[in-house]
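Trainee: Structure provided below as structure tokens; questions to follow.
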Amino acid sequence: MLLGLVVAGYASAGRLASAGRPPHVHELITADAALLGWWSGGRSPVVWLQSLGYEPGVVRWWDVLACLVYASHFVAVMVVPLGLYLWDRDLALGYVRMWLVLALVGVAVYLLYPAAPPWWAARAGLIPAVSRISTHGWQGLNLPGVAELISSGQGASNPIGAMPSLHAGAALLAAVFFAPLIRRRWWPLLLLYPVSMALTLMYTGEHWFVDILAGWAAVPMAYALVAWWDRLVPAKHDAPLSAT
């Protein structure tokens with residue numbers, strides 16, 4: 001049921017884009033410069049990061065790292081639950097349920113607040129040149145087929161689904177979910193994942209910093225919704241028994 005709601009909501013948000021509803025973008029540009037302008041010299045951090053590290057036609061080690069971090073999202077969403085299922089079914093179902101609720105929160109925001117990503121803003125001439133380079137590094141690994149596969153998926157995706165960033169949200173969710181299962185000395189390494197995903201999303205032109213903050217904020221919302229549902233459902237089942 002949750003998966004159906006996520007898919008239906010995502011399709012509806014995509015129809016809003018095709019219907020010509022103008023996406024939000026100007027306030028995102030302003031917010032990014034205000035939040036991280038001290039770091040990026042007053043410019044959008046996305047523009048600044050690409051100006052530092054990206055050169056068309058040249059693949060550097062950080063481009064390869066960025067493409068791997070970006071693609072790890074799909075591993076975290078699809079492969080990790082399968083591995084968890086083989087280890088602990090209840091743990092796997094808990095992880096999947098958390099992710100689906102997180103995605104449902106994202107879809108709700110897409111419908112209420114359609115927002116354009118940095119690469120879209122650059123194509124519209126609203127910011128200096130920013131390329132969509134989340135698949136750029138695959139050339140350095142001699143895996144152009146993977147780049148084509150991801151690019152085709154991006155082409156079919158909702159172009160106004162930038163806010164919140166589910167890539168950022170899913171990365172933080174994975175870190176928070178698995179933190180209690182490992183020793184504390186490994187927590188800094190685990191938390192490095194959402195941080196590296198955030199930098200990757202900005203560098204590759206996929207998301208604004210405020211999209212990332214919204215994705216992170218959606219994680220405690222998902223936890224709260226799941227906790228609320230867990231309290232609600234047993235109460236419904238227990239009501240007839242208490243009446244007798």
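Each chain in the structure tokens gets a letter, A, B, ..., in the order shown, and its residues are numbered from 1; ligands are numbered from 1 in order too.
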Give me the residues near region 90-106 of chain A as a VMD selection string, where near means some atom within 6 Å (using only C-alpha atoms) and where sequence neighbours in that chain fewer than 6 positions away do not count.
Mentor: chain A and resid 6 81 84 164 222
Trainee: Contacts of region 119-130 of chain A at 10 Å or less, counting only C-alpha atoms, minus same-chain residues fewer than 3 places along, as number ranges by chain?
Mentor: A: 24-26, 29, 43-44, 46-51, 54, 115-116, 133, 159-160, 203-208
Trainee: So that I have them on file, write out the residues from the current selection with N, CA, C and O atoms, as an mmCIF file, in the first residue's frame.
Mentor:
```cif
data_model
loop_
_atom_site.group_PDB
_atom_site.id
_atom_site.type_symbol
_atom_site.label_atom_id
_atom_site.label_comp_id
_atom_site.auth_asym_id
_atom_site.auth_seq_id
_atom_site.Cartn_x
_atom_site.Cartn_y
_atom_site.Cartn_z
ATOM 1 N N HIS A 24 9.558 26.029 -8.049
ATOM 2 C CA HIS A 24 10.282 26.966 -7.197
ATOM 3 C C HIS A 24 11.770 26.829 -7.460
ATOM 4 O O HIS A 24 12.286 25.715 -7.549
ATOM 5 N N VAL A 25 12.456 27.930 -7.582
ATOM 6 C CA VAL A 25 13.901 27.864 -7.784
ATOM 7 C C VAL A 25 14.620 29.113 -7.279
ATOM 8 O O VAL A 25 15.707 29.014 -6.703
ATOM 9 N N HIS A 26 14.021 30.291 -7.465
ATOM 10 C CA HIS A 26 14.709 31.537 -7.096
ATOM 11 C C HIS A 26 15.029 31.579 -5.603
ATOM 12 O O HIS A 26 16.144 31.969 -5.204
ATOM 13 N N ILE A 29 18.015 29.341 -4.711
ATOM 14 C CA ILE A 29 19.303 29.958 -5.038
ATOM 15 C C ILE A 29 19.702 30.944 -3.949
ATOM 16 O O ILE A 29 20.849 30.957 -3.475
ATOM 17 N N ARG A 43 28.790 32.831 -3.547
ATOM 18 C CA ARG A 43 28.116 32.170 -4.663
ATOM 19 C C ARG A 43 27.360 30.934 -4.195
ATOM 20 O O ARG A 43 27.522 30.479 -3.065
ATOM 21 N N SER A 44 26.534 30.404 -5.081
ATOM 22 C CA SER A 44 25.887 29.134 -4.796
ATOM 23 C C SER A 44 26.965 28.079 -4.596
ATOM 24 O O SER A 44 27.911 27.992 -5.390
ATOM 25 N N VAL A 46 26.890 25.026 -5.179
ATOM 26 C CA VAL A 46 26.903 24.122 -6.327
ATOM 27 C C VAL A 46 27.809 24.682 -7.424
ATOM 28 O O VAL A 46 28.661 23.984 -7.972
ATOM 29 N N VAL A 47 27.624 25.967 -7.727
ATOM 30 C CA VAL A 47 28.448 26.628 -8.749
ATOM 31 C C VAL A 47 29.906 26.623 -8.315
ATOM 32 O O VAL A 47 30.818 26.346 -9.117
ATOM 33 N N TRP A 48 30.149 26.914 -7.064
ATOM 34 C CA TRP A 48 31.514 26.994 -6.546
ATOM 35 C C TRP A 48 32.218 25.644 -6.603
ATOM 36 O O TRP A 48 33.371 25.545 -7.041
ATOM 37 N N LEU A 49 31.522 24.572 -6.178
ATOM 38 C CA LEU A 49 32.127 23.248 -6.176
ATOM 39 C C LEU A 49 32.481 22.788 -7.589
ATOM 40 O O LEU A 49 33.566 22.232 -7.822
ATOM 41 N N GLN A 50 31.575 23.028 -8.533
ATOM 42 C CA GLN A 50 31.891 22.614 -9.901
ATOM 43 C C GLN A 50 33.012 23.445 -10.508
ATOM 44 O O GLN A 50 33.823 22.932 -11.283
ATOM 45 N N SER A 51 33.079 24.718 -10.147
ATOM 46 C CA SER A 51 34.165 25.543 -10.665
ATOM 47 C C SER A 51 35.519 25.084 -10.149
ATOM 48 O O SER A 51 36.545 25.259 -10.805
ATOM 49 N N TYR A 54 35.348 20.430 -11.566
ATOM 50 C CA TYR A 54 34.856 19.791 -12.785
ATOM 51 C C TYR A 54 35.448 20.424 -14.031
ATOM 52 O O TYR A 54 35.474 21.650 -14.173
ATOM 53 N N ALA A 115 10.025 21.821 -6.898
ATOM 54 C CA ALA A 115 11.248 22.621 -6.911
ATOM 55 C C ALA A 115 12.218 22.083 -7.963
ATOM 56 O O ALA A 115 12.340 20.873 -8.153
ATOM 57 N N ALA A 116 12.915 22.995 -8.615
ATOM 58 C CA ALA A 116 13.852 22.622 -9.676
ATOM 59 C C ALA A 116 15.258 22.458 -9.119
ATOM 60 O O ALA A 116 15.668 23.195 -8.220
ATOM 61 N N ILE A 133 26.433 16.017 -13.611
ATOM 62 C CA ILE A 133 27.592 15.149 -13.812
ATOM 63 C C ILE A 133 27.610 13.950 -12.862
ATOM 64 O O ILE A 133 28.668 13.403 -12.571
ATOM 65 N N PRO A 159 11.420 15.989 -12.959
ATOM 66 C CA PRO A 159 12.415 17.065 -12.937
ATOM 67 C C PRO A 159 12.171 18.112 -11.856
ATOM 68 O O PRO A 159 13.030 18.952 -11.608
ATOM 69 N N ILE A 160 11.007 18.089 -11.212
ATOM 70 C CA ILE A 160 10.733 19.087 -10.176
ATOM 71 C C ILE A 160 10.645 18.425 -8.800
ATOM 72 O O ILE A 160 9.955 18.902 -7.916
ATOM 73 N N TYR A 203 27.993 18.888 -5.716
ATOM 74 C CA TYR A 203 29.035 18.924 -6.746
ATOM 75 C C TYR A 203 28.504 18.471 -8.108
ATOM 76 O O TYR A 203 28.871 19.030 -9.152
ATOM 77 N N THR A 204 27.639 17.470 -8.114
ATOM 78 C CA THR A 204 27.144 16.930 -9.378
ATOM 79 C C THR A 204 25.962 17.720 -9.948
ATOM 80 O O THR A 204 25.448 17.366 -11.010
ATOM 81 N N GLY A 205 25.539 18.764 -9.251
ATOM 82 C CA GLY A 205 24.452 19.596 -9.764
ATOM 83 C C GLY A 205 23.069 19.029 -9.561
ATOM 84 O O GLY A 205 22.100 19.535 -10.137
ATOM 85 N N GLU A 206 22.951 18.002 -8.728
ATOM 86 C CA GLU A 206 21.665 17.340 -8.539
ATOM 87 C C GLU A 206 20.765 18.057 -7.536
ATOM 88 O O GLU A 206 19.534 18.055 -7.692
ATOM 89 N N HIS A 207 21.358 18.649 -6.492
ATOM 90 C CA HIS A 207 20.543 19.234 -5.428
ATOM 91 C C HIS A 207 21.182 20.480 -4.840
ATOM 92 O O HIS A 207 22.415 20.618 -4.825
ATOM 93 N N TRP A 208 20.320 21.356 -4.349
ATOM 94 C CA TRP A 208 20.741 22.504 -3.548
ATOM 95 C C TRP A 208 21.018 22.036 -2.122
ATOM 96 O O TRP A 208 20.550 20.967 -1.706
#
```
Trainee: Could you please determine the separation between CA of Trp87 (chain A) and CA of Trp187 (chain A) in Å, to one decimal place?
Mentor: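 It comes out at 21.3 Å.
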Trainee: Which of these, A:Gly169, A:Tyr193, A:Trp39, A:Asp211, has the shortest distance to Tyr223 (chain A) once you count only C-alpha atoms?
Mentor: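 Of the candidates, the smallest distance to Tyr223 (chain A) is held by A:Gly169.
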Trainee: Quick check for you: according to DSSP on this backbone, which residues of region 22-225 of chain A are classed as alpha helix (DSSP H)? Reply as a PyMOL selection string.
Mentor: chain A and resi 26-40+45-53+61-74+80-87+89-112+118-123+144-155+166-178+187-203+209-225
Trainee: Determine, counting only C-alpha atoms, which protein, DNA and RNA residues have an atom within 8 Å of an atom of Ala198 (chain A); residues of the same chain fewer than 5 positions away are not included. Present the result as a PDB file with N, CA, C and O atoms, in the first residue's frame.
Mentor:
```pdb
ATOM      1  N   ALA A 168      19.759  12.354  -0.049  1.00  0.00           N
ATOM      2  CA  ALA A 168      20.310  12.793   1.237  1.00  0.00           C
ATOM      3  C   ALA A 168      19.558  12.152   2.394  1.00  0.00           C
ATOM      4  O   ALA A 168      20.173  11.702   3.381  1.00  0.00           O
ATOM      5  N   PHE A 209      21.728  22.864  -1.378  1.00  0.00           N
ATOM      6  CA  PHE A 209      21.986  22.533   0.023  1.00  0.00           C
ATOM      7  C   PHE A 209      20.691  22.492   0.822  1.00  0.00           C
ATOM      8  O   PHE A 209      20.524  21.640   1.707  1.00  0.00           O
ATOM      9  N   ILE A 212      19.035  19.223   0.591  1.00  0.00           N
ATOM     10  CA  ILE A 212      19.692  18.236   1.441  1.00  0.00           C
ATOM     11  C   ILE A 212      19.228  18.384   2.890  1.00  0.00           C
ATOM     12  O   ILE A 212      18.920  17.392   3.562  1.00  0.00           O
TER      13      ILE A 212
END
```
Trainee: How many Å lie between CA of Ser134 (chain A) and CA of Cys67 (chain A), rounded to one decimal?
Mentor: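 Spanning CA of Ser134 (chain A) to CA of Cys67 (chain A) is a straight-line distance of 5.4 Å.
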Trainee: Between A:Asp63, A:Pro23, A:Tyr70, A:Gly137, single out the one closest to Pro117 (chain A), counting only C-alpha atoms.
Mentor: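 Distance minimum relative to Pro117 (chain A) lands on A:Pro23.
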